[in-house]
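**Student:** Okay, handing you the structure first.
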Amino acid sequence: MSDRQTENHAEAHRWLLERVRAETCETARSTGLNELSDRVIEAMAATPRHCFVAPEQQDWAYADMPLPIGRGQTISQPFIVALMTELLAPEPEDIVLEIGTGSGYQAAVLAHLVQQVYTLERIPELANLATQRLRELGVANVVVRAGNGVQGWEEQALFDGIIVTAAAAEVPPALVQQLKPGGRLVIPVGPPHRTQDLRVLEKDAQGVVRSRSVLPVVFVPLISDR
Ligand code: SAH
């Protein structure tokens with residue numbers, strides 16, 4: 001990459017963070033979040049999104065929009081990544097599961113905030129590419145596995161938090177089961193290719209689960225492979 005491109009990326013990255021902060025304010029009434037925590041902003045600042053998109057997408061790497069990553073899939077809009085990360089309320093000791101690795105970007109953001117990230121991707125080619133990128137960036141606390149995430153990741157459960165980055169018709173029961181008491185599940189729920197409902201489910205110490213709707217969103221579908 002040329003010095004010029006590096007400089008353009010750095011400036012675009014700063015603008016993006018301002019945009020993400022502004023959008024957090026604009027949506028506060030719906031999300032209940034007035035601002036992003038410093039930890040989440042720092043994780044977004046420390047994660048180079050241009051490393052997760054193809055050479056032909058470099059000029060848009062820091063635009064606040066989803067971008068194609070091949071195989072009909074997308075890297076999510078940065079504001080949505082920040083919002084979902086904040087809603088997960090990640091703590092440094094947490095073990096987190098992501099369903100839908102895609103480019104690996106959301107996993108890389110989470111890697112800055114928690115102890116360990118497990119992430120599942122049903123398209124092996126994307127899982128391999130994400131693994132390679134994370135290795136090149138020196139991100140050592142993310143394990144990527146190719147496989148269907150609808151059943152969660154039984155061997156590594158329970159999780160402090162679970163984040164699903166594809167839209168489910170219904171909340172997969174296995175994911176609720178694999179959540180620790182006190183844990184949170186952040187998931188878009190709704191029909192494919194329409195507006196879905198971003199939800200946060202919280203399991204209390206007694207195992208009672210409460211759900212709230214946060215924001216209308218559009219995600220690629222979570223494929224159940226049944
Ligand atoms: N978090 C990603 C965005 C992912 S897009 C990022 O930061 O780039 C959603 C991804 O979910 C796609 O890559 C898609 O292949 C994957 N996916 C869809 N259904 C799945 C399933 N049942 N299990 C695992 N991954 C799934």
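Here's how to read the names in the structure tokens: chain A, B, ... by the order shown, residue numbers from 1 in each chain, ligand numbers from 1 in the order shown.
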Considering only C-alpha atoms, return as an MDAnalysis selection string whatever protein or nucleic-acid residues lie within 7 Å of stretch 190-194 of chain A, sequence-local ones (same chain, fewer than 4 positions apart) excluded.
**Tutor:** chainID A and resid 167:169 218 220:221
**Student:** Can you list, as an NGL selection string, all residues belonging to chain A that DSSP tags as alpha helix (DSSP H)?
**Tutor:** :A and (3-26 or 28-31 or 38-46 or 78-88 or 105-111 or 124-136 or 173-177)
**Student:** Please provide as a ChimeraX atom specification all residues within 7 Å of A:Val150, with the sequence filter that same-chain residues fewer than 2 positions apart are discarded (counting only C-alpha atoms).
**Tutor:** /A:148,152,172,224
**Student:** Name the residues, by chain letter and number, that sit within 9 Å of ligand 1 using only C-alpha atoms and all ligand atoms, and give them as a short mmCIF file (atom, residue, chain, number, x, y, z; two decimals) with C-alpha atoms, in the first residue's frame.
**Tutor:**
data_model
loop_
_atom_site.label_atom_id
_atom_site.label_comp_id
_atom_site.auth_asym_id
_atom_site.auth_seq_id
_atom_site.Cartn_x
_atom_site.Cartn_y
_atom_site.Cartn_z
CA PHE A 52 -10.96 -7.27 5.93
CA VAL A 53 -12.15 -6.16 2.50
CA PRO A 66 -21.86 -2.93 4.47
CA LEU A 67 -19.62 -4.17 1.64
CA ILE A 69 -17.08 -10.02 0.72
CA GLY A 70 -17.88 -12.67 -1.91
CA ARG A 71 -20.22 -15.68 -1.94
CA GLY A 72 -23.19 -13.30 -1.62
CA GLN A 73 -22.14 -12.28 1.90
CA THR A 74 -21.29 -8.90 3.43
CA ILE A 75 -19.09 -7.29 6.04
CA SER A 76 -21.53 -5.40 8.32
CA GLN A 77 -21.91 -1.64 8.52
CA PRO A 78 -19.41 -0.31 11.11
CA VAL A 81 -20.73 -3.61 14.50
CA GLU A 98 -19.94 -15.33 17.21
CA ILE A 99 -22.12 -16.97 14.57
CA GLY A 100 -21.24 -15.76 11.05
CA THR A 101 -17.50 -15.00 10.88
CA GLY A 102 -17.75 -13.55 7.35
CA SER A 103 -14.66 -11.39 6.86
CA GLY A 104 -13.53 -11.77 10.49
CA TYR A 105 -13.94 -8.04 11.21
CA GLN A 106 -16.49 -8.30 14.03
CA ALA A 107 -14.41 -11.09 15.61
CA ALA A 108 -11.30 -8.86 15.44
CA VAL A 109 -13.15 -6.01 17.16
CA THR A 119 -16.54 -17.91 15.74
CA LEU A 120 -18.40 -20.19 13.33
CA GLU A 121 -18.79 -19.68 9.57
CA ARG A 122 -20.71 -22.06 7.32
CA ILE A 123 -18.77 -21.20 4.12
CA PRO A 124 -15.32 -22.84 4.49
CA LEU A 126 -14.69 -17.44 4.09
CA ALA A 127 -13.65 -19.20 7.31
CA ALA A 130 -10.78 -14.90 7.98
CA ALA A 146 -16.12 -23.81 9.49
CA GLY A 147 -19.53 -25.16 10.40
CA ASN A 148 -23.17 -24.43 11.02
CA GLY A 149 -23.72 -22.07 13.94
CA VAL A 150 -27.39 -22.83 14.52
CA GLN A 151 -26.41 -25.51 17.05
CA GLY A 152 -23.84 -23.22 18.70
CA ILE A 163 -23.41 -12.44 18.85
CA VAL A 164 -25.16 -13.57 15.67
CA THR A 165 -24.31 -11.58 12.56
CA ALA A 166 -26.88 -13.15 10.22
CA ALA A 167 -30.67 -12.88 10.47
CA ALA A 168 -32.48 -15.80 12.08
CA PHE A 219 -28.65 -8.80 7.59
CA VAL A 220 -27.98 -11.68 5.22
CA PRO A 221 -29.91 -14.79 6.32
CA LEU A 222 -28.74 -17.31 8.89
CA ILE A 223 -28.92 -20.55 6.92
CA SER A 224 -30.21 -23.47 8.93
CA ASP A 225 -29.04 -26.23 6.48
#
**Student:** Just how far from atom CA of A:Glu42 is atom CA of A:Leu16, in Å to one decimal?
**Tutor:**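 It comes out at 12.7 Å.
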**Student:** Give the strand (DSSP E or B) residues of stretch 2-224 of chain A, as DSSP finds them on the backbone, and put them as number ranges by chain.
**Tutor:** A: 67-70, 73-75, 95-99, 116-121, 142-146, 159-164, 167-168, 179-189, 196-203, 209-217, 221
**Student:** Taking only C-alpha atoms into account, name the residue in A:Ala54, A:Ala205, A:Ala111, A:Ile80 that is nearest to A:Gly182.
**Tutor:**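 That would be A:Ala205, the residue with the smallest distance to A:Gly182.
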**Student:** Which is closer to A:Arg39 than all the others in A:Leu198, A:Ala140, A:Val186, A:Ala82, using only C-alpha atoms?
**Tutor:**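 Closest to A:Arg39 of all the choices is A:Ala82.
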**Student:** Could you check the closest approach to A:Gln5 for each of A:Val20, A:Ala61, A:Met44, A:Val171 and tell me which residue wins, using only C-alpha atoms?
**Tutor:**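 Among the listed residues, the smallest separation from A:Gln5 belongs to A:Ala61.
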**Student:** Measuring between only C-alpha atoms, which one of A:Gln177, A:Thr6, A:Thr85, A:Gln156 shows the shortest distance to A:His50?
**Tutor:**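 So, comparing all the options, the nearest one is A:Thr6.
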**Student:** Hey, what's within 9 Å of A:Val139 if we count only C-alpha atoms and toss same-chain stuff fewer than 3 positions away? As a JSON list (two decimals) with N, CA and C atoms, in the first residue's frame, please?
**Tutor:**
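For reference, part_37.json as written:
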[["chain", "number", "residue", "atom", "x", "y", "z"],
["A", 108, "ALA", "N", -12.53, -9.61, 15.12],
["A", 108, "ALA", "CA", -11.30, -8.86, 15.44],
["A", 108, "ALA", "C", -11.61, -7.73, 16.42],
["A", 111, "ALA", "N", -12.09, -9.28, 19.74],
["A", 111, "ALA", "CA", -10.83, -9.81, 20.27],
["A", 111, "ALA", "C", -10.10, -8.79, 21.15],
["A", 112, "HIS", "N", -10.32, -7.49, 20.85],
["A", 112, "HIS", "CA", -9.70, -6.43, 21.68],
["A", 112, "HIS", "C", -10.36, -6.30, 23.05],
["A", 133, "ARG", "N", -6.40, -13.86, 7.68],
["A", 133, "ARG", "CA", -6.31, -12.42, 7.98],
["A", 133, "ARG", "C", -6.01, -12.18, 9.45],
["A", 134, "LEU", "N", -6.71, -12.90, 10.31],
["A", 134, "LEU", "CA", -6.53, -12.69, 11.75],
["A", 134, "LEU", "C", -5.11, -13.08, 12.15],
["A", 135, "ARG", "N", -4.60, -14.14, 11.53],
["A", 135, "ARG", "CA", -3.22, -14.56, 11.83],
["A", 135, "ARG", "C", -2.25, -13.48, 11.39],
["A", 136, "GLU", "N", -2.44, -12.95, 10.17],
["A", 136, "GLU", "CA", -1.54, -11.90, 9.65],
["A", 136, "GLU", "C", -1.56, -10.66, 10.53],
["A", 142, "VAL", "N", -8.72, -15.52, 18.78],
["A", 142, "VAL", "CA", -9.93, -15.87, 18.02],
["A", 142, "VAL", "C", -9.73, -17.25, 17.41]]
**Student:** Which neighbours of A:Gln206 fall inside 12 Å, counting only C-alpha atoms, when residues of the same chain fewer than 4 positions from it are skipped, and could you give them as a count of residues only?
**Tutor:** 6
**Student:** May I have the residues within 10 Å of A:His9 as a PyMOL selection string, using only C-alpha atoms and disregarding those fewer than 6 positions away in the same chain?
**Tutor:** chain A and resi 3+15+48-50+58-62
